[in-house]
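Visitor: For reference, the file start-v8.csv (CSV, C-alpha atoms) is included below:
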```csv
chain,number,residue,atom,x,y,z
U,226,MET,CA,-107.2,33.2,51.5
U,227,LEU,CA,-110.6,33.3,49.7
U,228,THR,CA,-114.2,33.9,50.9
U,229,CYS,CA,-116.9,31.4,49.9
U,230,LYS,CA,-119.4,33.2,47.7
U,231,THR,CA,-122.2,31.0,49.1
U,232,CYS,CA,-121.9,31.3,52.8
U,233,GLY,CA,-119.1,33.9,53.3
U,234,VAL,CA,-116.7,31.7,55.3
U,235,THR,CA,-113.0,32.3,54.8
U,236,ILE,CA,-111.5,29.3,53.0
U,237,ASP,CA,-108.0,28.1,52.0
U,238,VAL,CA,-107.2,28.6,48.3
U,239,THR,CA,-106.3,25.0,47.7
U,240,VAL,CA,-109.6,23.4,48.7
U,241,ALA,CA,-112.0,22.1,46.1
U,242,ALA,CA,-115.1,22.8,48.2
U,243,CYS,CA,-116.1,25.0,51.1
U,244,PRO,CA,-115.8,23.0,54.4
U,245,ALA,CA,-118.7,24.9,55.9
U,246,CYS,CA,-121.4,24.6,53.2
U,247,GLY,CA,-119.9,22.2,50.6
U,248,ALA,CA,-120.1,24.7,47.7
U,249,GLU,CA,-117.6,24.0,45.0
U,250,VAL,CA,-114.7,26.5,44.7
U,251,PRO,CA,-114.4,27.3,41.0
U,252,MET,CA,-110.9,26.8,39.7
U,253,ALA,CA,-111.1,30.0,37.7
U,254,ARG,CA,-111.0,32.0,41.0
U,255,LEU,CA,-107.5,30.9,41.5
U,256,THR,CA,-106.3,31.9,38.0
U,257,GLY,CA,-104.4,35.2,37.8
U,258,MET,CA,-104.1,35.4,41.5
U,259,LEU,CA,-102.1,32.3,42.4
U,260,GLY,CA,-102.0,30.4,39.2
U,261,LEU,CA,-103.6,27.0,39.2
U,262,VAL,CA,-103.7,24.6,42.1
U,263,CYS,CA,-104.0,20.9,41.1
U,264,ARG,CA,-107.1,19.2,42.6
U,265,ALA,CA,-105.2,15.9,42.6
U,266,CYS,CA,-102.0,16.7,44.4
U,267,ASP,CA,-102.3,20.4,45.5
U,268,ALA,CA,-99.3,21.4,43.4
U,269,TYR,CA,-99.1,25.0,42.3
U,270,ASN,CA,-98.9,25.6,38.5
U,271,ASP,CA,-98.4,28.8,36.5
U,272,PRO,CA,-101.5,30.5,35.0
U,273,GLY,CA,-102.2,28.9,31.6
U,274,ALA,CA,-100.6,25.6,32.4
U,275,ARG,CA,-102.5,22.6,30.8
U,276,ALA,CA,-101.2,19.8,33.0
U,277,CYS,CA,-100.0,19.7,36.6
U,278,ALA,CA,-96.2,20.0,37.0
U,279,GLY,CA,-96.5,17.8,40.1
U,280,CYS,CA,-98.5,14.8,38.9
U,281,GLY,CA,-99.2,15.4,35.2
U,282,LYS,CA,-103.0,15.4,35.4
U,283,PRO,CA,-105.0,17.9,33.4
U,284,LEU,CA,-105.8,21.2,35.1
U,285,GLY,CA,-108.9,23.4,35.1
U,286,ALA,CA,-111.4,20.9,36.6
U,287,ASP,CA,-111.7,18.0,38.9
U,288,PRO,CA,-108.8,15.5,38.4
U,289,GLU,CA,-111.1,12.9,36.8
U,290,SER,CA,-112.7,15.4,34.4
U,291,PRO,CA,-111.8,15.3,30.7
U,292,ALA,CA,-109.2,17.8,29.5
U,293,VAL,CA,-110.5,21.3,28.8
U,294,ALA,CA,-111.1,22.0,25.1
U,295,GLY,CA,-109.3,24.9,23.4
U,296,ALA,CA,-106.0,24.5,25.0
U,297,ALA,CA,-103.2,26.8,24.2
U,298,PRO,CA,-101.0,26.0,21.1
U,299,ARG,CA,-98.4,23.4,21.7
U,300,ALA,CA,-94.7,24.2,21.6
U,301,GLN,CA,-93.0,24.2,18.2
U,302,LYS,CA,-89.5,24.6,19.4
U,303,ALA,CA,-87.6,23.5,22.5
U,304,ARG,CA,-84.2,24.4,23.9
U,305,LEU,CA,-82.2,23.2,27.0
U,306,VAL,CA,-79.9,25.8,28.6
U,307,VAL,CA,-77.2,24.9,31.1
U,308,GLU,CA,-77.8,26.7,34.4
U,309,ARG,CA,-74.9,25.0,36.2
U,310,GLY,CA,-72.8,21.9,36.1
U,311,GLU,CA,-69.7,20.7,34.3
U,312,ALA,CA,-70.8,22.1,31.0
U,313,PRO,CA,-70.4,25.9,30.6
U,314,ALA,CA,-73.2,27.9,32.0
U,315,GLY,CA,-75.4,29.3,29.2
U,316,ALA,CA,-74.6,26.6,26.7
U,317,SER,CA,-77.7,25.5,24.9
U,318,PHE,CA,-79.1,22.5,23.0
U,319,GLU,CA,-81.8,22.9,20.4
U,320,LEU,CA,-84.3,20.0,20.3
U,321,ARG,CA,-86.1,19.0,17.1
U,322,PRO,CA,-89.3,16.9,16.9
U,323,GLY,CA,-88.4,13.3,17.7
U,324,GLU,CA,-86.0,12.0,20.4
U,325,ALA,CA,-82.6,13.2,21.6
U,326,GLN,CA,-80.6,11.1,23.9
U,327,ALA,CA,-78.4,12.6,26.6
U,328,GLY,CA,-75.4,11.2,28.6
U,329,ARG,CA,-71.7,11.2,29.2
U,330,ALA,CA,-70.8,9.3,26.0
U,331,GLU,CA,-74.0,8.4,24.0
U,332,GLY,CA,-76.6,10.5,22.2
U,333,GLN,CA,-76.9,13.9,20.8
U,334,LEU,CA,-76.6,15.8,24.1
U,335,LEU,CA,-73.2,15.0,25.4
U,336,PHE,CA,-71.6,16.0,28.8
U,337,PRO,CA,-68.3,14.2,28.7
U,338,GLU,CA,-66.8,16.0,31.7
U,339,ASP,CA,-69.6,14.9,34.2
U,340,PRO,CA,-68.6,11.7,36.0
U,341,CYS,CA,-72.0,11.4,37.6
U,342,LEU,CA,-73.8,10.9,34.3
U,343,SER,CA,-74.2,7.4,32.8
U,344,PRO,CA,-73.0,6.9,29.2
U,345,LEU,CA,-76.7,7.0,28.3
U,346,HIS,CA,-78.6,8.8,31.0
U,347,ALA,CA,-81.9,10.3,29.7
U,348,THR,CA,-84.0,10.9,26.5
U,349,PHE,CA,-85.8,14.1,25.7
U,350,ALA,CA,-88.7,13.7,23.3
U,351,LEU,CA,-90.6,16.5,21.5
U,352,ARG,CA,-93.8,14.9,20.3
U,353,ASP,CA,-96.7,16.9,18.9
U,354,GLY,CA,-95.6,20.0,20.6
U,355,THR,CA,-95.1,18.3,24.0
U,356,LEU,CA,-91.6,18.0,25.5
U,357,LEU,CA,-91.0,14.9,27.7
U,358,VAL,CA,-88.0,13.6,29.6
U,359,ARG,CA,-87.4,9.9,30.2
U,360,ASP,CA,-85.1,8.3,32.7
U,361,GLU,CA,-83.1,5.6,30.9
U,362,GLY,CA,-82.3,3.7,34.1
U,363,ALA,CA,-79.2,5.6,35.1
U,364,ALA,CA,-78.0,5.0,38.6
U,365,GLY,CA,-78.0,8.7,39.3
U,366,GLY,CA,-81.5,9.3,38.1
U,367,VAL,CA,-83.3,12.3,36.5
U,368,PHE,CA,-84.8,15.0,38.7
U,369,VAL,CA,-87.3,17.8,37.9
U,370,ARG,CA,-87.5,21.0,39.8
U,371,LEU,CA,-90.6,21.6,42.0
U,372,ARG,CA,-92.6,24.6,40.9
U,373,GLY,CA,-95.7,23.9,43.0
U,374,LEU,CA,-97.0,24.5,46.5
U,375,THR,CA,-96.5,20.9,47.6
U,376,VAL,CA,-95.9,17.5,46.0
U,377,PRO,CA,-96.6,14.1,47.8
U,378,LEU,CA,-93.6,12.1,49.1
U,379,ARG,CA,-93.7,8.4,49.4
U,380,PRO,CA,-91.2,6.2,51.2
U,381,GLY,CA,-88.1,5.7,49.0
U,382,HIS,CA,-88.5,8.9,47.0
U,383,LEU,CA,-85.3,10.8,46.3
U,384,PHE,CA,-85.0,14.5,46.2
U,385,ALA,CA,-82.1,17.0,45.8
U,386,LEU,CA,-81.5,20.4,47.2
U,387,GLY,CA,-78.2,22.2,46.7
U,388,GLU,CA,-75.6,19.5,46.3
U,389,ARG,CA,-77.3,17.2,48.7
U,390,LEU,CA,-79.2,14.1,47.8
U,391,LEU,CA,-81.8,13.0,50.3
U,392,ARG,CA,-84.1,10.0,50.6
U,393,PHE,CA,-87.5,10.1,52.3
U,394,GLY,CA,-87.5,7.0,54.6
U,395,GLY,CA,-91.2,7.2,55.5
U,396,PRO,CA,-92.8,7.1,58.9
U,397,LEU,CA,-90.8,6.1,61.9
U,398,ALA,CA,-91.5,2.5,62.7
U,399,PRO,CA,-93.4,1.8,65.9
U,400,PRO,CA,-91.5,0.7,69.0
U,401,ALA,CA,-90.8,-3.0,69.4
U,402,PRO,CA,-92.9,-4.6,72.1
U,403,PRO,CA,-91.3,-5.5,75.4
U,404,GLY,CA,-89.5,-8.9,75.7
U,405,PRO,CA,-91.2,-11.9,77.2
U,406,ASP,CA,-90.1,-10.8,80.6
U,407,GLY,CA,-91.7,-7.4,80.1
U,408,THR,CA,-88.4,-5.5,79.8
U,409,ARG,CA,-88.5,-2.5,77.5
U,410,ARG,CA,-85.3,-1.6,75.6
U,411,LEU,CA,-83.4,1.5,76.7
U,412,GLY,CA,-83.1,4.3,74.3
U,413,ALA,CA,-83.6,8.0,73.5
U,414,ALA,CA,-87.1,9.4,73.9
U,415,ARG,CA,-89.2,9.0,70.8
U,416,PRO,CA,-90.6,12.1,69.1
U,417,GLU,CA,-94.1,13.1,70.0
U,418,GLY,CA,-96.6,12.9,67.2
U,419,PRO,CA,-96.0,11.6,63.7
U,420,ALA,CA,-92.3,11.5,62.8
U,421,VAL,CA,-90.4,10.5,59.7
U,422,VAL,CA,-87.0,9.4,58.7
U,423,ILE,CA,-84.8,11.4,56.3
U,424,GLU,CA,-81.6,10.0,55.0
U,425,GLU,CA,-78.6,11.5,53.2
U,426,TRP,CA,-77.0,9.7,50.3
U,427,LEU,CA,-73.3,10.3,49.6
U,428,GLU,CA,-71.6,10.4,46.2
U,429,GLY,CA,-70.9,6.8,45.2
U,430,GLY,CA,-74.1,5.5,46.7
U,431,ALA,CA,-73.1,5.2,50.3
U,432,GLY,CA,-75.5,6.1,53.1
U,433,GLY,CA,-74.7,9.2,55.1
U,434,ARG,CA,-76.4,11.0,58.0
U,435,SER,CA,-80.0,10.3,58.9
U,436,TRP,CA,-82.5,12.3,60.9
U,437,ILE,CA,-85.8,11.5,62.7
U,438,ARG,CA,-88.0,14.5,62.9
U,439,ALA,CA,-91.6,15.1,64.0
U,440,GLY,CA,-94.0,17.4,62.1
U,441,PRO,CA,-96.1,19.1,61.2
U,442,SER,CA,-93.3,21.2,59.6
U,443,ILE,CA,-89.8,19.9,59.0
U,444,THR,CA,-87.5,22.6,57.4
U,445,LEU,CA,-84.3,21.7,55.6
U,446,GLY,CA,-81.5,24.0,54.7
U,447,ARG,CA,-78.0,25.3,55.5
U,448,SER,CA,-78.7,26.5,59.0
U,449,GLY,CA,-81.4,27.2,61.6
U,450,CYS,CA,-83.6,24.4,60.3
U,451,SER,CA,-85.1,21.1,61.6
U,452,VAL,CA,-82.5,19.4,59.4
U,453,ASN,CA,-79.3,21.4,58.9
U,454,LEU,CA,-77.3,20.2,55.9
U,455,GLY,CA,-74.2,22.3,56.5
U,456,ASP,CA,-72.1,24.6,54.3
U,457,ASP,CA,-73.2,24.4,50.6
U,458,PRO,CA,-73.1,27.5,48.3
U,459,HIS,CA,-76.2,26.2,46.5
U,460,LEU,CA,-78.3,25.8,49.7
U,461,ALA,CA,-80.5,28.6,51.1
U,462,PRO,CA,-80.5,28.9,55.0
U,463,ALA,CA,-84.1,27.6,54.8
U,464,HIS,CA,-84.4,25.8,51.5
U,465,ALA,CA,-87.3,23.3,51.5
U,466,GLU,CA,-90.0,22.0,53.9
U,467,LEU,CA,-91.7,18.7,54.6
U,468,LEU,CA,-95.3,19.0,55.8
U,469,LEU,CA,-96.8,16.1,57.7
U,470,ASP,CA,-100.4,15.6,58.4
U,471,ALA,CA,-101.9,13.8,61.4
U,472,GLY,CA,-101.8,10.4,59.5
U,473,GLY,CA,-98.1,10.8,58.7
U,474,GLU,CA,-98.6,11.6,55.0
U,475,ALA,CA,-95.8,13.9,53.8
U,476,ARG,CA,-95.6,16.6,51.2
U,477,LEU,CA,-92.5,18.5,50.0
U,478,ARG,CA,-92.2,22.1,48.9
U,479,ASP,CA,-89.5,24.5,48.0
U,480,LEU,CA,-89.3,27.7,50.2
U,481,GLY,CA,-88.4,30.0,47.4
U,482,SER,CA,-84.8,29.1,47.0
U,483,THR,CA,-82.9,30.4,44.0
U,484,THR,CA,-81.4,27.0,43.1
U,485,GLY,CA,-84.6,24.9,43.6
U,486,THR,CA,-85.7,21.6,45.0
U,487,PHE,CA,-85.7,18.6,42.7
U,488,LEU,CA,-87.8,15.4,42.9
U,489,ARG,CA,-86.6,12.2,41.1
U,490,VAL,CA,-88.5,10.9,38.1
U,491,PRO,CA,-89.3,7.2,38.5
U,492,THR,CA,-86.9,4.9,36.6
U,493,GLY,CA,-88.0,4.4,33.1
U,494,ALA,CA,-90.9,6.8,33.4
U,495,GLU,CA,-91.6,9.9,31.2
U,496,ARG,CA,-92.4,13.3,32.6
U,497,GLU,CA,-93.9,16.2,30.7
U,498,LEU,CA,-91.8,19.4,30.8
U,499,HIS,CA,-93.1,23.0,30.7
U,500,ASP,CA,-91.5,26.3,29.8
U,501,GLY,CA,-89.3,27.4,32.7
U,502,ASP,CA,-88.9,23.9,34.2
U,503,ALA,CA,-85.4,22.7,35.2
U,504,VAL,CA,-84.0,19.2,34.8
U,505,ARG,CA,-81.1,17.9,36.9
U,506,MET,CA,-79.1,14.9,35.9
U,507,GLY,CA,-75.6,14.2,37.2
U,508,ARG,CA,-74.2,17.6,38.1
U,509,GLU,CA,-76.0,19.3,35.2
U,510,VAL,CA,-79.0,21.6,35.7
U,511,LEU,CA,-80.8,22.3,32.4
U,512,ARG,CA,-83.5,25.0,32.0
U,513,VAL,CA,-86.3,24.3,29.6
U,514,GLU,CA,-87.3,26.9,27.1
U,515,LEU,CA,-90.4,26.3,24.9
U,516,ALA,CA,-91.7,28.5,22.1
```
Mind turning the file's structure into structure tokens?

Guide:
Amino acid sequence: MLTCKTCGVTIDVTVAACPACGAEVPMARLTGMLGLVCRACDAYNDPGARACAGCGKPLGADPESPAVAGAAPRAQKARLVVERGEAPAGASFELRPGEAQAGRAEGQLLFPEDPCLSPLHATFALRDGTLLVRDEGAAGGVFVRLRGLTVPLRPGHLFALGERLLRFGGPLAPPAPPGPDGTRRLGAARPEGPAVVIEEWLEGGAGGRSWIRAGPSITLGRSGCSVNLGDDPHLAPAHAELLLDAGGEARLRDLGSTTGTFLRVPTGAERELHDGDAVRMGREVLRVELA
């Protein structure tokens, strides 16, 4: 927590202005203590980051402000290191300026043993010192590990933790009105307060289990959580959390797990990558190293 320098009220570190007096909270006060908190989406970013890892907007000022001058030098070299997957752990791929395609059968970065990769799955592009990943429309998608406090979730968003692939179904639909004769349909009691639907996707694209849970906090993990996903060596007991506000808006965060929580990149979209990021495609998890 911080203290407002104008009125002395204790304030949350993620707010842009003091709720008591309206004084702006300078972004510099967060640097070195917590890193940078994005004004646009509240995502946490490492100190020195130039763009938000959650939404890609420039850091250091209001989200609509121009980028800060004098940014740190851009990366000259990039490397992807296999953390886990069908490829040997520790195997690495050097990236040169330009584009390198990745997949099961096409491109410069090949993972022929991974059946969950498309022949051409993704493209990595090193342009002017910036590393980007682009989803090439693969059925399995491309996921980037969360490194922030929270990121917004929208209905239909896919995210992965451990070996589980989950879909955020959005807010629970309101109950159907009674029939013409006034009869209400029998069923289990509805959750109190805002509730959302979380769905599991099985390998091959089939739907699995689904959960309806009320907020404000919905934990997900191996055991002892609001949503227990079962035995999985890559899952922490409490792995990730969905936070719901009073209006039903949802945010996702990792709870410090060692294997991470990953959010899918929109199909065909590009996402900037930073040193220490991790990309998941198929069964491969690739760590980003920039220099």

Visitor: Between U:Leu467, U:Ala503, U:Ala420, U:Leu334, which has the minimum distance to U:Leu378 (counting only C-alpha atoms)?

Guide: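 Going through U:Leu467, U:Ala503, U:Ala420, U:Leu334 one by one, the smallest distance to U:Leu378 is for U:Leu467.
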
Visitor: Would you please work out which residue, of U:Val490, U:Leu515, U:Ala276, U:Ala350, is nearest to U:Gly365 when using all atoms listed in the file?

Guide: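 The closest residue to U:Gly365 is U:Val490.
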
Visitor: Which residue gives the smallest distance to U:Arg438 among U:Leu468, U:Asp457, U:Lys282, U:Arg409, with only C-alpha atoms counted?

Guide: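 Between U:Leu468, U:Asp457, U:Lys282, U:Arg409, the residue approaching U:Arg438 most closely is U:Leu468.
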
Visitor: Got a sec: who's within 12 Å of U:Ala494, counting all atoms listed in the file, leaving out chain neighbours fewer than 3 positions off, as a list in words?

Guide: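 The residues satisfying every condition are Ala347, Thr348, Phe349, Leu357, Val358, Arg359, Asp360, Glu361, Gly362, Ala363, Gly366, Val367, Phe368, Arg489, Val490, Pro491 and Glu497 of chain U.
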
Visitor: Can you pull out every residue within 10 Å of stretch 386-390 of chain U, counting all atoms listed in the file, but drop anything in the same chain fewer than 2 positions away, and send it as number ranges by chain?

Guide: U: 370, 383-384, 392, 424-428, 433, 445-447, 454-455, 457-461, 464-465, 479, 482-488, 508

Visitor: Can you tell me how far atom CA of U:Glu466 sits from atom CA of U:Arg434, in Å to one decimal?

Guide: 18.0 Å

Visitor: From the options U:Ile437, U:Ala413, U:Val513, U:Leu342, which residue's atoms come nearest to U:Ala330, counting only C-alpha atoms?

Guide: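 Comparing U:Ile437, U:Ala413, U:Val513, U:Leu342 against U:Ala330, the winner is U:Leu342.
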
Visitor: Name the closest residue to U:Gly440 among the candidates U:Asp456, U:Asp470, U:Glu331, U:Glu319; distances are taken between atoms, counting all atoms listed in the file.

Guide: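 Selected residue with least distance to U:Gly440: U:Asp470.
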
Visitor: What separation in Å, quoted to one decimal, exists between atom CA of U:Ala364 and atom CA of U:Pro340?

Guide: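 Answer for the atom CA of U:Ala364 to atom CA of U:Pro340 separation: 11.8 Å.
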
Visitor: Between atom CA of U:Thr408 and atom CA of U:Gly473, measure the distance and give it in Å to one decimal.

Guide: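 A separation of 28.4 Å between them.
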
Visitor: Taking into account only C-alpha atoms, which residue in the set U:Arg329, U:Arg512, U:His499, U:Arg476 is nearest to U:Ala300?

Guide: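 Selected residue with least distance to U:Ala300: U:His499.
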
Visitor: Need the neighbours of (-87.0, 8.4, 60.0): which residues are at most 12 Å away, counting all atoms listed in the file, as a ChimeraX atom specification?

Guide: /U:380-381,391-399,415-416,419-425,434-440,443,452,473
